[in-house]
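J.: Just so it is clear, I am handing over model-v9.pdb, which has PDB, C-alpha atoms, pLDDT in the B column.
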```
ATOM      1  CA  ALA E   1     -20.979   2.142   9.972  1.00 73.00           C
ATOM      2  CA  ALA E   2     -22.102   0.512   6.729  1.00 81.00           C
ATOM      3  CA  GLY E   3     -21.235   3.698   4.845  1.00 88.00           C
ATOM      4  CA  MET E   4     -17.775   3.776   6.419  1.00 86.00           C
ATOM      5  CA  GLU E   5     -17.213   0.121   5.514  1.00 87.00           C
ATOM      6  CA  LYS E   6     -18.114   0.884   1.914  1.00 91.00           C
ATOM      7  CA  ILE E   7     -15.691   3.805   1.792  1.00 91.00           C
ATOM      8  CA  ASN E   8     -12.907   1.712   3.355  1.00 89.00           C
ATOM      9  CA  GLN E   9     -13.585  -1.027   0.832  1.00 92.00           C
ATOM     10  CA  LYS E  10     -13.295   1.486  -1.993  1.00 94.00           C
ATOM     11  CA  LYS E  11     -10.038   2.887  -0.594  1.00 94.00           C
ATOM     12  CA  ALA E  12      -8.601  -0.614  -0.254  1.00 94.00           C
ATOM     13  CA  GLN E  13      -9.704  -1.554  -3.786  1.00 95.00           C
ATOM     14  CA  MET E  14      -8.011   1.523  -5.201  1.00 96.00           C
ATOM     15  CA  LEU E  15      -4.770   0.527  -3.524  1.00 97.00           C
ATOM     16  CA  TYR E  16      -5.036  -3.133  -4.561  1.00 97.00           C
ATOM     17  CA  ASP E  17      -5.653  -2.121  -8.190  1.00 97.00           C
ATOM     18  CA  VAL E  18      -2.495  -0.016  -8.225  1.00 98.00           C
ATOM     19  CA  LEU E  19      -0.433  -2.750  -6.572  1.00 97.00           C
ATOM     20  CA  ASP E  20      -1.808  -5.480  -8.849  1.00 96.00           C
ATOM     21  CA  ASN E  21      -0.796  -3.413 -11.884  1.00 97.00           C
ATOM     22  CA  ALA E  22       2.657  -2.497 -10.588  1.00 97.00           C
ATOM     23  CA  LYS E  23       5.724  -4.301 -11.910  1.00 97.00           C
ATOM     24  CA  LEU E  24       7.660  -4.097  -8.667  1.00 97.00           C
ATOM     25  CA  PHE E  25       5.044  -4.949  -6.097  1.00 97.00           C
ATOM     26  CA  THR E  26       3.034  -7.977  -5.145  1.00 96.00           C
ATOM     27  CA  VAL E  27       0.181  -8.140  -2.684  1.00 95.00           C
ATOM     28  CA  SER E  28       0.731 -10.645   0.096  1.00 88.00           C
ATOM     29  CA  ALA E  29      -2.860 -11.833   0.390  1.00 88.00           C
ATOM     30  CA  GLU E  30      -4.776 -13.803  -2.213  1.00 87.00           C
ATOM     31  CA  LYS E  31      -7.641 -11.993  -3.922  1.00 88.00           C
ATOM     32  CA  GLY E  32     -10.335 -13.793  -1.931  1.00 88.00           C
ATOM     33  CA  SER E  33      -8.886 -13.082   1.493  1.00 89.00           C
ATOM     34  CA  ARG E  34      -7.707  -9.504   1.257  1.00 93.00           C
ATOM     35  CA  SER E  35      -8.224  -7.190   4.185  1.00 91.00           C
ATOM     36  CA  HIS E  36      -9.892  -3.820   3.761  1.00 89.00           C
ATOM     37  CA  MET E  37      -8.064  -2.535   6.812  1.00 89.00           C
ATOM     38  CA  ASN E  38      -4.494  -3.694   6.309  1.00 91.00           C
ATOM     39  CA  VAL E  39      -3.067  -3.925   2.824  1.00 94.00           C
ATOM     40  CA  THR E  40       0.172  -5.887   2.931  1.00 94.00           C
ATOM     41  CA  PHE E  41       2.530  -5.907  -0.024  1.00 96.00           C
ATOM     42  CA  ARG E  42       6.180  -6.259  -0.941  1.00 95.00           C
ATOM     43  CA  SER E  43       8.546  -5.381  -3.719  1.00 96.00           C
ATOM     44  CA  VAL E  44      10.937  -7.632  -5.582  1.00 94.00           C
ATOM     45  CA  SER E  45      13.760  -7.210  -3.039  1.00 95.00           C
ATOM     46  CA  GLU E  46      14.508  -6.227   0.554  1.00 93.00           C
ATOM     47  CA  GLU E  47      16.645  -3.317  -0.692  1.00 96.00           C
ATOM     48  CA  LEU E  48      13.729  -1.989  -2.692  1.00 96.00           C
ATOM     49  CA  ASN E  49      11.370  -2.487   0.262  1.00 95.00           C
ATOM     50  CA  ASP E  50      13.698  -0.368   2.416  1.00 95.00           C
ATOM     51  CA  LYS E  51      14.068   2.248  -0.288  1.00 97.00           C
ATOM     52  CA  PHE E  52      10.306   2.409  -0.725  1.00 97.00           C
ATOM     53  CA  VAL E  53       9.690   2.818   3.010  1.00 96.00           C
ATOM     54  CA  GLN E  54      12.372   5.542   3.250  1.00 96.00           C
ATOM     55  CA  GLU E  55      11.146   7.493   0.232  1.00 97.00           C
ATOM     56  CA  ALA E  56       7.538   7.091   1.319  1.00 96.00           C
ATOM     57  CA  ALA E  57       8.388   8.429   4.791  1.00 95.00           C
ATOM     58  CA  ALA E  58      10.189  11.385   3.199  1.00 96.00           C
ATOM     59  CA  ALA E  59       7.034  12.030   1.157  1.00 96.00           C
ATOM     60  CA  GLY E  60       4.936  12.017   4.326  1.00 94.00           C
ATOM     61  CA  PHE E  61       3.640   8.433   4.245  1.00 92.00           C
ATOM     62  CA  THR E  62       4.637   7.027   7.598  1.00 86.00           C
ATOM     63  CA  ASN E  63       4.104   3.629   9.182  1.00 87.00           C
ATOM     64  CA  LEU E  64       4.337   1.693   5.930  1.00 93.00           C
ATOM     65  CA  LYS E  65       6.945  -0.742   7.182  1.00 90.00           C
ATOM     66  CA  GLY E  66       5.471  -4.203   7.560  1.00 87.00           C
ATOM     67  CA  HIS E  67       5.557  -6.415  10.623  1.00 77.00           C
ATOM     68  CA  ARG E  68       9.146  -7.357  11.482  1.00 78.00           C
ATOM     69  CA  ASN E  69       8.401 -11.101  11.135  1.00 78.00           C
ATOM     70  CA  VAL E  70       6.673 -10.696   7.794  1.00 77.00           C
ATOM     71  CA  GLY E  71       8.657  -7.885   6.237  1.00 84.00           C
ATOM     72  CA  GLY E  72       7.486  -5.928   3.233  1.00 93.00           C
ATOM     73  CA  MET E  73       5.040  -3.090   3.643  1.00 95.00           C
ATOM     74  CA  ARG E  74       1.681  -2.601   5.243  1.00 94.00           C
ATOM     75  CA  ALA E  75      -0.756   0.214   4.602  1.00 94.00           C
ATOM     76  CA  SER E  76      -3.388   0.542   7.293  1.00 90.00           C
ATOM     77  CA  ILE E  77      -6.634   1.918   5.972  1.00 86.00           C
ATOM     78  CA  TYR E  78      -8.539   3.156   8.944  1.00 82.00           C
ATOM     79  CA  ASN E  79     -11.691   5.229   9.022  1.00 80.00           C
ATOM     80  CA  ALA E  80      -9.822   8.476   9.656  1.00 80.00           C
ATOM     81  CA  MET E  81      -7.620   8.064   6.580  1.00 82.00           C
ATOM     82  CA  PRO E  82      -9.168  10.279   3.901  1.00 89.00           C
ATOM     83  CA  THR E  83      -9.692   8.906   0.411  1.00 93.00           C
ATOM     84  CA  GLU E  84      -7.326  11.571  -0.921  1.00 93.00           C
ATOM     85  CA  GLY E  85      -4.618  10.140   1.339  1.00 93.00           C
ATOM     86  CA  ILE E  86      -5.026   6.794  -0.415  1.00 94.00           C
ATOM     87  CA  GLU E  87      -5.044   8.513  -3.816  1.00 96.00           C
ATOM     88  CA  LYS E  88      -1.755  10.211  -2.953  1.00 96.00           C
ATOM     89  CA  LEU E  89      -0.275   6.924  -1.782  1.00 96.00           C
ATOM     90  CA  CYS E  90      -1.420   5.295  -5.042  1.00 97.00           C
ATOM     91  CA  ASP E  91       0.280   8.070  -7.033  1.00 97.00           C
ATOM     92  CA  PHE E  92       3.435   7.617  -4.989  1.00 97.00           C
ATOM     93  CA  ILE E  93       3.444   3.844  -5.581  1.00 97.00           C
ATOM     94  CA  GLN E  94       2.944   4.283  -9.327  1.00 98.00           C
ATOM     95  CA  ASP E  95       5.705   6.869  -9.474  1.00 97.00           C
ATOM     96  CA  PHE E  96       8.100   4.663  -7.490  1.00 97.00           C
ATOM     97  CA  ASP E  97       7.204   1.714  -9.705  1.00 97.00           C
ATOM     98  CA  LYS E  98       8.137   3.704 -12.834  1.00 97.00           C
ATOM     99  CA  LYS E  99      11.390   5.095 -11.423  1.00 97.00           C
ATOM    100  CA  ASN E 100      12.732   1.803 -10.175  1.00 96.00           C
TER     101      ASN E 100
END
```
As a first step, turn the structure in this file into C-alpha coordinates.
T.:
Amino acid sequence: AAGMEKINQKKAQMLYDVLDNAKLFTVSAEKGSRSHMNVTFRSVSEELNDKFVQEAAAAGFTNLKGHRNVGGMRASIYNAMPTEGIEKLCDFIQDFDKKN
(Lines of atoms letter the chains of each structure in order from A and count residues from 1; the text may use other names and numbers.)
(Lines give C-alpha, C1' and ligand atoms only; values in the text may rest on other atoms or scores of the structure.)
Protein backbone atom coordinates (compact mmCIF):
# COMPACT_ATOMS: atom_id res chain seq x y z
CA ALA A 1 0.00 0.00 0.00
CA ALA A 2 2.88 2.36 0.76
CA GLY A 3 4.27 1.77 -2.73
CA MET A 4 0.88 2.53 -4.29
CA GLU A 5 0.59 5.72 -2.24
CA LYS A 6 3.99 6.83 -3.49
CA ILE A 7 3.02 6.17 -7.10
CA ASN A 8 -0.29 8.04 -6.67
CA GLN A 9 1.59 10.94 -5.11
CA LYS A 10 3.94 11.03 -8.09
CA LYS A 11 1.03 10.93 -10.56
CA ALA A 12 -0.73 13.75 -8.71
CA GLN A 13 2.47 15.83 -8.57
CA MET A 14 2.96 15.45 -12.31
CA LEU A 15 -0.54 16.75 -12.91
CA TYR A 16 -0.20 19.61 -10.41
CA ASP A 17 3.08 20.71 -12.03
CA VAL A 18 1.43 20.90 -15.44
CA LEU A 19 -1.58 22.78 -14.08
CA ASP A 20 0.55 25.19 -12.04
CA ASN A 21 2.52 26.06 -15.18
CA ALA A 22 -0.51 26.43 -17.44
CA LYS A 23 -1.78 29.88 -18.37
CA LEU A 24 -5.42 28.86 -18.55
CA PHE A 25 -5.81 26.67 -15.52
CA THR A 26 -5.74 27.12 -11.79
CA VAL A 27 -5.78 24.42 -9.16
CA SER A 28 -8.64 24.76 -6.70
CA ALA A 29 -6.75 23.59 -3.62
CA GLU A 30 -3.90 25.42 -1.93
CA LYS A 31 -0.48 23.79 -2.16
CA GLY A 32 -0.55 22.51 1.42
CA SER A 33 -3.93 20.81 1.21
CA ARG A 34 -3.91 19.17 -2.19
CA SER A 35 -5.39 15.73 -2.59
CA HIS A 36 -3.44 12.93 -4.24
CA MET A 37 -6.69 11.26 -5.22
CA ASN A 38 -8.79 14.07 -6.63
CA VAL A 39 -7.13 16.91 -8.48
CA THR A 40 -9.61 19.74 -8.91
CA PHE A 41 -8.91 22.60 -11.28
CA ARG A 42 -10.62 25.16 -13.48
CA SER A 43 -9.91 27.33 -16.45
CA VAL A 44 -10.42 31.05 -16.83
CA SER A 45 -14.06 30.72 -17.94
CA GLU A 46 -17.07 28.40 -17.88
CA GLU A 47 -17.02 28.25 -21.70
CA LEU A 48 -13.44 27.08 -21.64
CA ASN A 49 -14.22 24.56 -18.89
CA ASP A 50 -16.98 23.09 -21.08
CA LYS A 51 -14.75 23.09 -24.14
CA PHE A 52 -11.99 21.37 -22.20
CA VAL A 53 -14.32 18.68 -20.87
CA GLN A 54 -15.77 18.08 -24.36
CA GLU A 55 -12.40 17.90 -26.10
CA ALA A 56 -10.97 15.77 -23.32
CA ALA A 57 -13.89 13.33 -23.62
CA ALA A 58 -13.36 13.18 -27.39
CA ALA A 59 -9.70 12.36 -26.71
CA GLY A 60 -10.73 9.53 -24.39
CA PHE A 61 -10.44 11.29 -21.02
CA THR A 62 -13.82 10.80 -19.44
CA ASN A 63 -15.23 11.87 -16.09
CA LEU A 64 -13.27 15.11 -15.91
CA LYS A 65 -16.28 17.29 -15.23
CA GLY A 66 -16.20 18.62 -11.69
CA HIS A 67 -18.91 18.38 -9.07
CA ARG A 68 -22.02 20.28 -10.20
CA ASN A 69 -21.90 22.57 -7.13
CA VAL A 70 -18.22 23.35 -7.54
CA GLY A 71 -17.86 23.37 -11.30
CA GLY A 72 -14.53 23.21 -13.07
CA MET A 73 -12.80 19.90 -13.58
CA ARG A 74 -11.76 17.01 -11.42
CA ALA A 75 -9.25 14.32 -12.28
CA SER A 76 -9.53 11.27 -10.06
CA ILE A 77 -6.23 9.51 -9.62
CA TYR A 78 -7.03 6.07 -8.40
CA ASN A 79 -4.73 3.10 -8.05
CA ALA A 80 -5.86 1.53 -11.31
CA MET A 81 -5.03 4.64 -13.35
CA PRO A 82 -1.67 3.94 -14.97
CA THR A 83 1.06 6.57 -14.84
CA GLU A 84 0.98 6.74 -18.64
CA GLY A 85 -2.68 7.74 -18.41
CA ILE A 86 -1.66 10.73 -16.31
CA GLU A 87 1.18 11.53 -18.72
CA LYS A 88 -1.29 11.55 -21.60
CA LEU A 89 -3.66 13.78 -19.66
CA CYS A 90 -0.76 16.13 -18.89
CA ASP A 91 0.11 16.28 -22.61
CA PHE A 92 -3.52 16.98 -23.43
CA ILE A 93 -3.71 19.80 -20.87
CA GLN A 94 -0.51 21.39 -22.17
CA ASP A 95 -1.74 21.14 -25.74
CA PHE A 96 -5.13 22.65 -24.85
CA ASP A 97 -3.38 25.40 -22.91
CA LYS A 98 -1.31 26.34 -25.98
CA LYS A 99 -4.22 26.23 -28.43
CA ASN A 100 -6.56 28.35 -26.38
J.: Measuring between only C-alpha atoms, which one of E:Glu46, E:Asp17, E:Glu55, E:Glu5 shows the shortest distance to Asp95 in chain E?
T.: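 Closest residue, counting only C-alpha atoms: E:Glu55.
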J.: Care to translate the PyMOL selection byres ((chain E and resi 16) around 10) into actual residues of this file, as a ChimeraX atom specification?
T.: /E:10-15,17-22,26-27,31,34,36,39-41,90
J.: Which polymer residues have any atom within 12 Å of an atom of range 65-72 of chain E, counting only C-alpha atoms, with same-chain residues fewer than 3 positions away left out, as a ChimeraX atom specification?
T.: /E:25-28,38-57,61-62,75-76
J.: When you draw a straight line from CA of Met37 in chain E to CA of Asn8 in chain E, how long is it in Å?
T.: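 Computing the Euclidean distance for CA of Met37 in chain E and CA of Asn8 in chain E yields 7.3 Å.
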J.: Rank nothing, just name the residue among E:Ala1, E:Leu24, E:Ile77, E:Glu30 nearest to Gln94 in chain E, using only C-alpha atoms.
T.: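 Nearest to Gln94 in chain E: E:Leu24.
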J.: Find the distance between CA of Asp91 in chain E and CA of Asn79 in chain E and write it in Å to one decimal.
T.: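 So the answer is 20.2 Å.
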J.: At what distance in Å, to one decimal, does CA of Gly60 in chain E lie from CA of Leu89 in chain E?
T.: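 Rounded to one decimal, the two atoms are 9.5 Å apart.
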J.: Go through E:Ala59, E:Tyr78, E:Ile93, E:Gly32 and flag the residue nearest Gln9 in chain E, using only C-alpha atoms for the distances.
T.: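 Between E:Ala59, E:Tyr78, E:Ile93, E:Gly32, the residue approaching Gln9 in chain E most closely is E:Tyr78.
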J.: Extending 3 Å beyond the listed atoms of range 81-95 of chain E on each side, what axis-aligned box results? I want centre and edge lengths in Å to one decimal, as AutoDock Vina command-line options.
T.:
```
--center_x -2.0 --center_y 7.7 --center_z -1.4 --size_x 21.4 --size_y 13.7 --size_z 22.1
```
